[in-house]
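Chemist: Coordinates in model_28.txt, compact mmCIF, C-alpha atoms, are listed below.
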```txt
# COMPACT_ATOMS: atom_id res chain seq x y z
CA MET A 978 -10.98 -50.50 -43.48
CA THR A 979 -14.52 -49.19 -42.95
CA TYR A 980 -17.30 -51.75 -42.62
CA ASP A 981 -20.77 -50.93 -43.93
CA LEU A 982 -22.93 -52.97 -41.56
CA PRO A 983 -25.99 -52.39 -39.36
CA GLU A 984 -25.52 -52.08 -35.61
CA GLU A 985 -26.71 -55.66 -35.20
CA LEU A 986 -23.28 -56.91 -36.33
CA THR A 987 -20.08 -55.18 -35.26
CA VAL A 988 -16.46 -55.62 -36.35
CA GLU A 989 -13.58 -54.78 -34.00
CA CYS A 990 -10.06 -54.55 -35.43
CA ASP A 991 -7.11 -55.77 -33.35
CA GLY A 992 -4.01 -55.96 -35.55
CA PRO A 993 -4.64 -58.82 -38.00
CA ILE A 994 -7.59 -60.17 -35.94
CA ARG A 995 -11.21 -59.17 -36.60
CA LEU A 996 -13.70 -59.75 -33.79
CA VAL A 997 -17.18 -59.99 -35.32
CA THR A 998 -19.94 -59.76 -32.72
CA ILE A 999 -23.62 -60.58 -33.16
CA ASN A 1000 -25.02 -57.59 -31.32
CA ARG A 1001 -28.63 -57.93 -30.17
CA PRO A 1002 -27.97 -58.94 -26.55
CA ALA A 1003 -31.39 -57.90 -25.24
CA GLU A 1004 -32.97 -60.29 -27.77
CA ARG A 1005 -30.40 -63.06 -27.14
CA ASN A 1006 -28.93 -62.17 -30.55
CA ALA A 1007 -31.99 -63.46 -32.42
CA VAL A 1008 -31.62 -62.90 -36.15
CA ASN A 1009 -33.86 -60.13 -37.53
CA LYS A 1010 -33.88 -58.72 -41.05
CA PRO A 1011 -30.86 -56.35 -40.69
CA LEU A 1012 -28.77 -59.00 -38.94
CA HIS A 1013 -29.66 -61.62 -41.56
CA TRP A 1014 -28.50 -59.23 -44.30
CA ALA A 1015 -25.31 -58.51 -42.35
CA LEU A 1016 -24.49 -62.21 -41.92
CA ALA A 1017 -24.76 -62.62 -45.69
CA ASN A 1018 -22.67 -59.56 -46.55
CA VAL A 1019 -19.98 -59.29 -43.85
CA TRP A 1020 -17.78 -61.98 -45.42
CA ARG A 1021 -17.14 -60.05 -48.63
CA GLN A 1022 -16.28 -56.97 -46.59
CA LEU A 1023 -13.88 -58.96 -44.41
CA ALA A 1024 -12.29 -60.44 -47.53
CA ALA A 1025 -11.68 -56.90 -48.82
CA ASP A 1026 -9.87 -55.95 -45.58
CA ARG A 1027 -6.26 -56.52 -46.61
CA GLU A 1028 -4.98 -56.22 -43.04
CA ALA A 1029 -7.23 -59.01 -41.73
CA ALA A 1030 -5.80 -62.51 -41.25
CA VAL A 1031 -8.18 -64.27 -38.82
CA VAL A 1032 -11.80 -63.75 -37.76
CA ILE A 1033 -13.38 -64.51 -34.38
CA LEU A 1034 -17.18 -64.73 -34.38
CA THR A 1035 -19.09 -64.46 -31.10
CA GLY A 1036 -22.27 -63.09 -29.54
CA ALA A 1037 -22.83 -60.13 -27.27
CA GLY A 1038 -24.21 -60.85 -23.82
CA LYS A 1039 -25.23 -64.34 -22.72
CA ALA A 1040 -26.12 -65.95 -26.07
CA PHE A 1041 -24.33 -66.68 -29.31
CA SER A 1042 -27.63 -66.50 -31.24
CA ALA A 1043 -31.11 -67.68 -30.31
CA GLY A 1044 -31.97 -68.29 -33.96
CA GLY A 1045 -34.58 -66.44 -35.96
CA ASP A 1046 -36.39 -63.48 -34.44
CA LEU A 1047 -39.99 -64.65 -33.91
CA ASP A 1048 -41.57 -61.39 -35.07
CA TRP A 1049 -39.53 -61.40 -38.27
CA ILE A 1050 -40.24 -65.07 -39.00
CA SER A 1051 -43.94 -64.56 -38.32
CA SER A 1052 -44.07 -61.86 -40.99
CA PHE A 1053 -43.32 -64.54 -43.62
CA LEU A 1054 -46.67 -66.24 -42.98
CA ASP A 1055 -48.50 -63.59 -45.00
CA ASP A 1056 -45.63 -62.20 -47.10
CA PRO A 1057 -44.27 -64.79 -49.55
CA VAL A 1058 -41.97 -62.22 -51.18
CA ALA A 1059 -40.19 -61.54 -47.88
CA ARG A 1060 -40.13 -65.28 -47.17
CA ASP A 1061 -38.47 -66.09 -50.47
CA GLU A 1062 -35.95 -63.28 -50.01
CA SER A 1063 -35.01 -64.64 -46.59
CA ILE A 1064 -34.42 -68.08 -48.09
CA ARG A 1065 -32.25 -66.64 -50.88
CA GLU A 1066 -30.27 -64.65 -48.32
CA GLY A 1067 -29.97 -67.69 -46.04
CA ALA A 1068 -28.37 -69.64 -48.86
CA GLU A 1069 -26.03 -66.70 -49.39
CA VAL A 1070 -24.92 -66.81 -45.73
CA ILE A 1071 -23.81 -70.42 -46.14
CA ASP A 1072 -22.27 -69.94 -49.59
CA GLU A 1073 -20.28 -66.89 -48.46
CA MET A 1074 -18.97 -68.65 -45.35
CA LEU A 1075 -17.82 -71.64 -47.41
CA ARG A 1076 -16.09 -69.36 -49.93
CA PHE A 1077 -14.49 -67.07 -47.34
CA SER A 1078 -10.72 -67.51 -47.44
CA LEU A 1079 -9.66 -66.52 -43.91
CA PRO A 1080 -9.88 -68.89 -40.94
CA VAL A 1081 -12.92 -68.24 -38.72
CA ILE A 1082 -13.00 -69.16 -35.03
CA ALA A 1083 -16.44 -69.38 -33.41
CA ALA A 1084 -16.41 -68.42 -29.73
CA VAL A 1085 -19.79 -69.87 -28.75
CA ASN A 1086 -20.49 -68.07 -25.50
CA GLY A 1087 -24.07 -69.28 -25.01
CA PRO A 1088 -27.00 -70.89 -26.83
CA ALA A 1089 -26.50 -71.27 -30.60
CA VAL A 1090 -29.90 -72.17 -32.03
CA GLY A 1091 -31.29 -72.62 -35.54
CA LEU A 1092 -29.43 -70.37 -37.95
CA GLY A 1093 -27.13 -69.41 -35.06
CA CYS A 1094 -26.18 -73.06 -34.74
CA SER A 1095 -25.58 -73.39 -38.50
CA VAL A 1096 -23.37 -70.29 -38.57
CA ALA A 1097 -21.34 -71.54 -35.59
CA VAL A 1098 -20.81 -75.03 -37.05
CA LEU A 1099 -19.76 -73.58 -40.42
CA CYS A 1100 -16.77 -71.88 -38.77
CA ASP A 1101 -13.33 -73.50 -39.10
CA VAL A 1102 -12.80 -73.95 -35.37
CA VAL A 1103 -15.66 -74.00 -32.85
CA LEU A 1104 -14.75 -73.21 -29.25
CA MET A 1105 -17.69 -73.54 -26.87
CA SER A 1106 -18.21 -72.32 -23.35
CA ASP A 1107 -18.86 -75.21 -20.97
CA THR A 1108 -22.31 -73.73 -20.36
CA ALA A 1109 -23.24 -73.23 -24.04
CA TYR A 1110 -25.29 -75.55 -26.21
CA LEU A 1111 -26.28 -76.11 -29.84
CA ALA A 1112 -29.81 -76.84 -31.07
CA ASP A 1113 -31.67 -77.01 -34.38
CA PRO A 1114 -35.39 -76.89 -33.49
CA HIS A 1115 -36.73 -76.44 -37.03
CA VAL A 1116 -38.78 -79.64 -36.97
CA ALA A 1117 -40.23 -78.77 -33.56
CA VAL A 1118 -41.62 -75.54 -35.03
CA GLY A 1119 -42.98 -77.25 -38.12
CA LEU A 1120 -40.15 -76.56 -40.56
CA VAL A 1121 -37.67 -78.66 -42.51
CA ALA A 1122 -34.16 -78.02 -41.13
CA GLY A 1123 -33.13 -76.53 -44.45
CA ASP A 1124 -30.67 -73.78 -43.52
CA GLY A 1125 -27.79 -76.12 -42.80
CA GLY A 1126 -28.67 -78.72 -40.18
CA ALA A 1127 -30.15 -81.52 -42.30
CA ALA A 1128 -27.62 -80.98 -45.09
CA PHE A 1129 -24.51 -80.13 -43.07
CA TRP A 1130 -24.57 -82.13 -39.84
CA PRO A 1131 -24.34 -85.56 -41.51
CA LEU A 1132 -20.97 -84.50 -42.97
CA LEU A 1133 -19.63 -83.95 -39.45
CA THR A 1134 -21.48 -86.34 -37.15
CA PRO A 1135 -22.64 -89.95 -37.19
CA ILE A 1136 -25.91 -89.90 -39.15
CA MET A 1137 -27.73 -91.84 -36.45
CA ARG A 1138 -26.94 -89.12 -33.88
CA SER A 1139 -27.75 -86.34 -36.36
CA ARG A 1140 -31.20 -87.79 -36.92
CA GLU A 1141 -32.08 -87.87 -33.25
CA PHE A 1142 -31.11 -84.27 -32.56
CA LEU A 1143 -32.60 -82.91 -35.80
CA TYR A 1144 -35.87 -84.80 -35.39
CA THR A 1145 -36.34 -83.73 -31.77
CA GLY A 1146 -34.66 -80.31 -31.69
CA ASP A 1147 -33.09 -81.28 -28.36
CA ARG A 1148 -30.23 -79.21 -26.98
CA ILE A 1149 -26.71 -80.51 -27.51
CA PRO A 1150 -24.52 -79.59 -24.50
CA ALA A 1151 -21.02 -78.34 -25.26
CA ALA A 1152 -19.26 -81.57 -24.26
CA THR A 1153 -21.65 -83.64 -26.41
CA ALA A 1154 -21.12 -81.27 -29.35
CA VAL A 1155 -17.38 -81.95 -29.15
CA GLU A 1156 -18.00 -85.69 -28.93
CA LEU A 1157 -20.22 -85.55 -32.05
CA GLY A 1158 -17.79 -83.42 -34.07
CA LEU A 1159 -19.95 -80.27 -34.12
CA ALA A 1160 -17.43 -78.38 -31.99
CA SER A 1161 -13.65 -78.45 -31.52
CA ARG A 1162 -13.29 -78.13 -27.75
CA THR A 1163 -14.82 -76.56 -24.68
CA CYS A 1164 -13.53 -73.76 -22.47
CA ALA A 1165 -14.48 -72.28 -19.13
CA PRO A 1166 -16.82 -69.33 -19.81
CA GLU A 1167 -14.34 -66.80 -18.47
CA ASP A 1168 -11.55 -68.20 -20.69
CA LEU A 1169 -13.50 -68.47 -23.96
CA VAL A 1170 -12.68 -65.19 -25.70
CA GLY A 1171 -9.10 -65.22 -24.42
CA GLU A 1172 -8.59 -68.73 -25.77
CA ALA A 1173 -10.11 -67.70 -29.11
CA ARG A 1174 -7.72 -64.74 -29.27
CA ARG A 1175 -4.71 -66.90 -28.44
CA LEU A 1176 -5.61 -69.30 -31.23
CA ALA A 1177 -6.24 -66.38 -33.59
CA VAL A 1178 -2.75 -65.01 -32.88
CA ARG A 1179 -1.25 -68.42 -33.71
CA LEU A 1180 -3.18 -68.69 -36.96
CA ALA A 1181 -2.36 -65.10 -37.94
CA ALA A 1182 1.35 -66.01 -37.65
CA GLN A 1183 1.03 -68.93 -40.08
CA PRO A 1184 2.11 -68.47 -43.72
CA ARG A 1185 -1.00 -66.88 -45.22
CA GLU A 1186 -0.95 -68.58 -48.62
CA ALA A 1187 -0.47 -72.04 -47.13
CA LEU A 1188 -3.21 -71.56 -44.55
CA GLN A 1189 -5.76 -70.15 -46.99
CA GLY A 1190 -4.97 -72.79 -49.59
CA THR A 1191 -5.51 -75.55 -47.03
CA LYS A 1192 -8.87 -74.06 -46.03
CA ARG A 1193 -9.91 -73.77 -49.68
CA ILE A 1194 -9.23 -77.47 -50.31
CA VAL A 1195 -11.04 -78.61 -47.15
CA ASN A 1196 -14.07 -76.47 -47.98
CA MET A 1197 -14.06 -77.80 -51.54
CA TYR A 1198 -15.19 -81.16 -50.17
CA LEU A 1199 -17.93 -79.50 -48.14
CA SER A 1200 -19.18 -77.38 -51.04
CA GLN A 1201 -19.34 -80.35 -53.40
CA ALA A 1202 -21.14 -82.53 -50.86
CA LEU A 1203 -23.61 -79.78 -49.92
CA GLY A 1204 -24.69 -78.76 -53.44
CA GLY A 1205 -27.70 -81.04 -53.82
CA PRO A 1206 -28.79 -81.34 -50.17
CA MET A 1207 -28.73 -77.57 -49.58
CA GLN A 1208 -30.91 -76.82 -52.62
CA ALA A 1209 -33.35 -79.56 -51.64
CA GLY A 1210 -33.31 -78.40 -48.02
CA PHE A 1211 -34.20 -74.80 -48.77
CA ALA A 1212 -36.95 -75.86 -51.19
CA ALA A 1213 -38.43 -78.16 -48.55
CA GLU A 1214 -38.15 -75.45 -45.90
CA VAL A 1215 -40.10 -73.02 -48.09
CA ALA A 1216 -42.86 -75.61 -48.55
CA THR A 1217 -43.25 -76.10 -44.80
CA MET A 1218 -43.28 -72.34 -44.11
CA SER A 1219 -46.88 -72.26 -45.39
CA SER A 1220 -48.05 -75.33 -43.48
CA PRO A 1221 -50.79 -75.12 -40.80
CA GLU A 1222 -48.48 -76.89 -38.34
CA HIS A 1223 -45.82 -74.22 -38.70
CA ARG A 1224 -48.34 -71.41 -38.23
CA GLN A 1225 -49.74 -73.10 -35.12
CA ARG A 1226 -46.34 -73.87 -33.55
CA LEU A 1227 -44.97 -70.40 -34.29
CA GLY A 1228 -48.05 -68.78 -32.75
CA ALA A 1229 -47.62 -70.87 -29.63
CA MET A 1230 -43.95 -69.90 -29.35
CA ARG A 1231 -44.78 -66.19 -29.67
CA SER A 1232 -47.48 -66.47 -27.03
CA THR A 1233 -45.05 -68.17 -24.67
CA ALA A 1234 -42.40 -65.51 -25.30
CA VAL A 1235 -44.84 -62.69 -24.58
CA THR A 1236 -45.97 -64.17 -21.25
CA ARG A 1237 -42.44 -64.69 -19.92
```
For the structure just supplied, provide its representation as structure tokens.
Modeler:
Amino acid sequence: MTYDLPEELTVECDGPIRLVTINRPAERNAVNKPLHWALANVWRQLAADREAAVVILTGAGKAFSAGGDLDWISSFLDDPVARDESIREGAEVIDEMLRFSLPVIAAVNGPAVGLGCSVAVLCDVVLMSDTAYLADPHVAVGLVAGDGGAAFWPLLTPIMRSREFLYTGDRIPAATAVELGLASRTCAPEDLVGEARRLAVRLAAQPREALQGTKRIVNMYLSQALGGPMQAGFAAEVATMSSPEHRQRLGAMRSTAVTR
């Protein structure tokens, strides 16, 4: 199977296991335009790989994904066509992950922020390094948390706790993420990928039709519950993308990043 993907997302084949790696380590795996496209399109390519049985998703280097690339996001301020395309593609990322038939194990090796957090939490099993954390800082940068957090977290966590973390954008340490139901369990950093592989081998040995059918039924509940909130979330996110607060907060973040 040959994968047609940009270098920002790689697929390694190991028997029935596919290791998908977000591959912008120098940028803490921040999502730029090619990577965003790849995250929307890799799932159909994996589904067409008849030898694949289980997918592990992780990040290269020290981060899982730092969220949206600031330069790419800033380009939306004066380019509504690119902005709308990114929203359409963002919805596709979530839709494709919910429709994908194979089990996906997230090996969260470091910070998973914004869209990176949403992608991690959408996986079937979320293994987190003890030193990793989740965060959805959309509100803190002047945006509605429309690409998964506001719609998806309340299905997994107590709503009262979801509100606090979504409203503030505070980091959720790995142990707290497990407590809240946003992650399955934690691992020592040096054991994370090995543990993900051991679980992948177990799942690959399960009867394929039974495993995929079980996933399909579980995700049916999620898809039905997410229909309205996801559409409303993306619409609200688009509206806040043109707000003065978002422009101001994004400019401040870019200035801070440049001076580091």
Chemist: To one decimal place, how far is atom CA of Ile1149 of chain A from atom CA of Pro1166 of chain A in Å?
Modeler: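 Atom CA of Ile1149 of chain A sits 16.8 Å away from atom CA of Pro1166 of chain A.
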Chemist: So how many Å separate atom CA of Met978 of chain A and atom CA of Gly992 of chain A, to one decimal?
Modeler: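 Between atom CA of Met978 of chain A and atom CA of Gly992 of chain A the gap works out to 11.9 Å.
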Chemist: Here is a test: counting only C-alpha atoms, which residue of A:Phe1211, A:Phe1142, A:Tyr1110, A:Phe1041 is nearest to Asn1086 of chain A?
Modeler: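 Closest to Asn1086 of chain A, using only C-alpha atoms: A:Phe1041.
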Chemist: Write out as a list in words each polymer residue whose atoms come within 9 Å of segment 1193-1206 of chain A, counting all atoms listed in the file; drop sequence neighbours fewer than 4 positions from it.
Modeler: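 The filter keeps Asp1072, Leu1075, Arg1076, Phe1077, Ser1078, Gly1123, Ala1127, Ala1128, Phe1129, Leu1132, Leu1188, Gln1189, Gly1210 and Phe1211 of chain A.
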Chemist: Work out how far atom CA of Ser1219 of chain A is from atom CA of Ser1052 of chain A, in Å to one decimal.
Modeler: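 Atom-to-atom, atom CA of Ser1052 of chain A to atom CA of Ser1219 of chain A, that is 11.6 Å.
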Chemist: For Trp1130 of chain A, work out the shell of residues within 8 Å, counting all atoms listed in the file and skipping chain neighbours fewer than 4 positions away, then give it as a PyMOL selection string.
Modeler: chain A and resi 1125-1126+1134+1136+1139+1159
Chemist: As lines of an AutoDock Vina configuration file, please report the centre and edge lengths, rounded to one decimal in Å, of the axis-aligned box that holds all listed atoms of segment 1053-1072 of chain A with 4 Å of padding on each of the six sides.
Modeler:
```
center_x = -35.4
center_y = -66.0
center_z = -47.1
size_x = 34.2
size_y = 16.9
size_z = 16.2
```
Chemist: Here is a test: counting all atoms listed in the file, which residue of A:Gly1087, A:Gly1119, A:Pro1150, A:Gly1067 is nearest to Ala1017 of chain A?
Modeler: A:Gly1067
Chemist: Identify which of the residues A:Leu1111, A:Leu1012, A:Ala1187, A:Val997 lies closest to Ser1063 of chain A, counting only C-alpha atoms when measuring atom-to-atom distances.
Modeler: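 Result for the nearest residue to Ser1063 of chain A: A:Leu1012.
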Chemist: Select, counting only C-alpha atoms, all protein, DNA and RNA residues no farther than 9 Å from (-17.7, -69.1, -42.6) in file coordinates, and express the selection as a list of chain:residue names.
Modeler: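 Protein and nucleic acid residues near the point are A:Trp1020, A:Val1070, A:Ile1071, A:Asp1072, A:Glu1073, A:Met1074, A:Leu1075, A:Arg1076, A:Phe1077, A:Ser1078, A:Leu1079, A:Pro1080, A:Val1081, A:Ile1082, A:Val1096, A:Ala1097, A:Val1098, A:Leu1099, A:Cys1100, A:Asp1101.
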Chemist: Complete segment 1080-1106 of chain A at the level of N, CA, C and O atoms, written as an mmCIF file, in the frame of the given file.
Modeler:
```cif
data_model
loop_
_atom_site.group_PDB
_atom_site.id
_atom_site.type_symbol
_atom_site.label_atom_id
_atom_site.label_comp_id
_atom_site.auth_asym_id
_atom_site.auth_seq_id
_atom_site.Cartn_x
_atom_site.Cartn_y
_atom_site.Cartn_z
ATOM 1 N N PRO A 1080 -9.371 -68.004 -41.987
ATOM 2 C CA PRO A 1080 -9.880 -68.890 -40.940
ATOM 3 C C PRO A 1080 -10.824 -68.144 -40.002
ATOM 4 O O PRO A 1080 -10.586 -66.982 -39.656
ATOM 5 N N VAL A 1081 -11.914 -68.823 -39.611
ATOM 6 C CA VAL A 1081 -12.920 -68.240 -38.720
ATOM 7 C C VAL A 1081 -13.035 -69.109 -37.476
ATOM 8 O O VAL A 1081 -13.268 -70.313 -37.580
ATOM 9 N N ILE A 1082 -12.877 -68.479 -36.319
ATOM 10 C CA ILE A 1082 -13.000 -69.160 -35.030
ATOM 11 C C ILE A 1082 -14.318 -68.737 -34.403
ATOM 12 O O ILE A 1082 -14.538 -67.547 -34.165
ATOM 13 N N ALA A 1083 -15.213 -69.681 -34.142
ATOM 14 C CA ALA A 1083 -16.440 -69.380 -33.410
ATOM 15 C C ALA A 1083 -16.155 -69.466 -31.923
ATOM 16 O O ALA A 1083 -15.635 -70.484 -31.448
ATOM 17 N N ALA A 1084 -16.478 -68.412 -31.195
ATOM 18 C CA ALA A 1084 -16.410 -68.420 -29.730
ATOM 19 C C ALA A 1084 -17.859 -68.464 -29.253
ATOM 20 O O ALA A 1084 -18.503 -67.418 -29.086
ATOM 21 N N VAL A 1085 -18.373 -69.675 -29.056
ATOM 22 C CA VAL A 1085 -19.790 -69.870 -28.750
ATOM 23 C C VAL A 1085 -19.983 -69.679 -27.249
ATOM 24 O O VAL A 1085 -19.737 -70.575 -26.456
ATOM 25 N N ASN A 1086 -20.428 -68.493 -26.895
ATOM 26 C CA ASN A 1086 -20.490 -68.070 -25.500
ATOM 27 C C ASN A 1086 -21.799 -68.455 -24.811
ATOM 28 O O ASN A 1086 -21.923 -68.319 -23.595
ATOM 29 N N GLY A 1087 -22.778 -68.926 -25.570
ATOM 30 C CA GLY A 1087 -24.070 -69.280 -25.010
ATOM 31 C C GLY A 1087 -24.873 -70.046 -26.039
ATOM 32 O O GLY A 1087 -24.303 -70.573 -27.008
ATOM 33 N N PRO A 1088 -26.188 -70.123 -25.891
ATOM 34 C CA PRO A 1088 -27.000 -70.890 -26.830
ATOM 35 C C PRO A 1088 -26.764 -70.472 -28.291
ATOM 36 O O PRO A 1088 -26.716 -69.289 -28.609
ATOM 37 N N ALA A 1089 -26.608 -71.477 -29.151
ATOM 38 C CA ALA A 1089 -26.500 -71.270 -30.600
ATOM 39 C C ALA A 1089 -27.604 -72.126 -31.214
ATOM 40 O O ALA A 1089 -27.490 -73.348 -31.264
ATOM 41 N N VAL A 1090 -28.669 -71.482 -31.668
ATOM 42 C CA VAL A 1090 -29.900 -72.170 -32.030
ATOM 43 C C VAL A 1090 -30.269 -71.860 -33.469
ATOM 44 O O VAL A 1090 -30.101 -70.728 -33.935
ATOM 45 N N GLY A 1091 -30.802 -72.844 -34.193
ATOM 46 C CA GLY A 1091 -31.290 -72.620 -35.540
ATOM 47 C C GLY A 1091 -30.193 -72.106 -36.452
ATOM 48 O O GLY A 1091 -29.128 -72.722 -36.589
ATOM 49 N N LEU A 1092 -30.440 -70.959 -37.087
ATOM 50 C CA LEU A 1092 -29.430 -70.370 -37.950
ATOM 51 C C LEU A 1092 -28.161 -70.050 -37.159
ATOM 52 O O LEU A 1092 -27.045 -70.182 -37.674
ATOM 53 N N GLY A 1093 -28.302 -69.654 -35.901
ATOM 54 C CA GLY A 1093 -27.130 -69.410 -35.060
ATOM 55 C C GLY A 1093 -26.275 -70.640 -34.927
ATOM 56 O O GLY A 1093 -25.040 -70.570 -34.955
ATOM 57 N N CYS A 1094 -26.906 -71.794 -34.811
ATOM 58 C CA CYS A 1094 -26.180 -73.060 -34.740
ATOM 59 C C CYS A 1094 -25.472 -73.338 -36.067
ATOM 60 O O CYS A 1094 -24.306 -73.727 -36.091
ATOM 61 N N SER A 1095 -26.177 -73.131 -37.183
ATOM 62 C CA SER A 1095 -25.580 -73.390 -38.500
ATOM 63 C C SER A 1095 -24.359 -72.504 -38.723
ATOM 64 O O SER A 1095 -23.323 -72.961 -39.207
ATOM 65 N N VAL A 1096 -24.475 -71.220 -38.379
ATOM 66 C CA VAL A 1096 -23.370 -70.290 -38.570
ATOM 67 C C VAL A 1096 -22.176 -70.702 -37.706
ATOM 68 O O VAL A 1096 -21.022 -70.676 -38.153
ATOM 69 N N ALA A 1097 -22.433 -71.111 -36.469
ATOM 70 C CA ALA A 1097 -21.340 -71.540 -35.590
ATOM 71 C C ALA A 1097 -20.627 -72.760 -36.170
ATOM 72 O O ALA A 1097 -19.391 -72.796 -36.265
ATOM 73 N N VAL A 1098 -21.391 -73.770 -36.580
ATOM 74 C CA VAL A 1098 -20.810 -75.030 -37.050
ATOM 75 C C VAL A 1098 -20.074 -74.847 -38.373
ATOM 76 O O VAL A 1098 -19.147 -75.601 -38.679
ATOM 77 N N LEU A 1099 -20.443 -73.843 -39.151
ATOM 78 C CA LEU A 1099 -19.760 -73.580 -40.420
ATOM 79 C C LEU A 1099 -18.395 -72.935 -40.228
ATOM 80 O O LEU A 1099 -17.618 -72.852 -41.188
ATOM 81 N N CYS A 1100 -18.083 -72.483 -39.022
ATOM 82 C CA CYS A 1100 -16.770 -71.880 -38.770
ATOM 83 C C CYS A 1100 -15.694 -72.964 -38.793
ATOM 84 O O CYS A 1100 -15.969 -74.150 -38.651
ATOM 85 N N ASP A 1101 -14.441 -72.556 -38.974
ATOM 86 C CA ASP A 1101 -13.330 -73.500 -39.100
ATOM 87 C C ASP A 1101 -12.984 -74.176 -37.787
ATOM 88 O O ASP A 1101 -12.622 -75.362 -37.764
ATOM 89 N N VAL A 1102 -13.041 -73.420 -36.712
ATOM 90 C CA VAL A 1102 -12.800 -73.950 -35.370
ATOM 91 C C VAL A 1102 -13.942 -73.458 -34.491
ATOM 92 O O VAL A 1102 -14.293 -72.274 -34.537
ATOM 93 N N VAL A 1103 -14.526 -74.362 -33.707
ATOM 94 C CA VAL A 1103 -15.660 -74.000 -32.850
ATOM 95 C C VAL A 1103 -15.276 -74.229 -31.405
ATOM 96 O O VAL A 1103 -15.174 -75.379 -30.953
ATOM 97 N N LEU A 1104 -15.021 -73.148 -30.682
ATOM 98 C CA LEU A 1104 -14.750 -73.210 -29.250
ATOM 99 C C LEU A 1104 -16.056 -72.884 -28.526
ATOM 100 O O LEU A 1104 -16.709 -71.894 -28.832
ATOM 101 N N MET A 1105 -16.430 -73.735 -27.572
ATOM 102 C CA MET A 1105 -17.690 -73.540 -26.870
ATOM 103 C C MET A 1105 -17.461 -73.365 -25.378
ATOM 104 O O MET A 1105 -16.670 -74.086 -24.771
ATOM 105 N N SER A 1106 -18.159 -72.409 -24.792
ATOM 106 C CA SER A 1106 -18.210 -72.320 -23.350
ATOM 107 C C SER A 1106 -18.809 -73.609 -22.794
ATOM 108 O O SER A 1106 -19.700 -74.222 -23.398
#
```
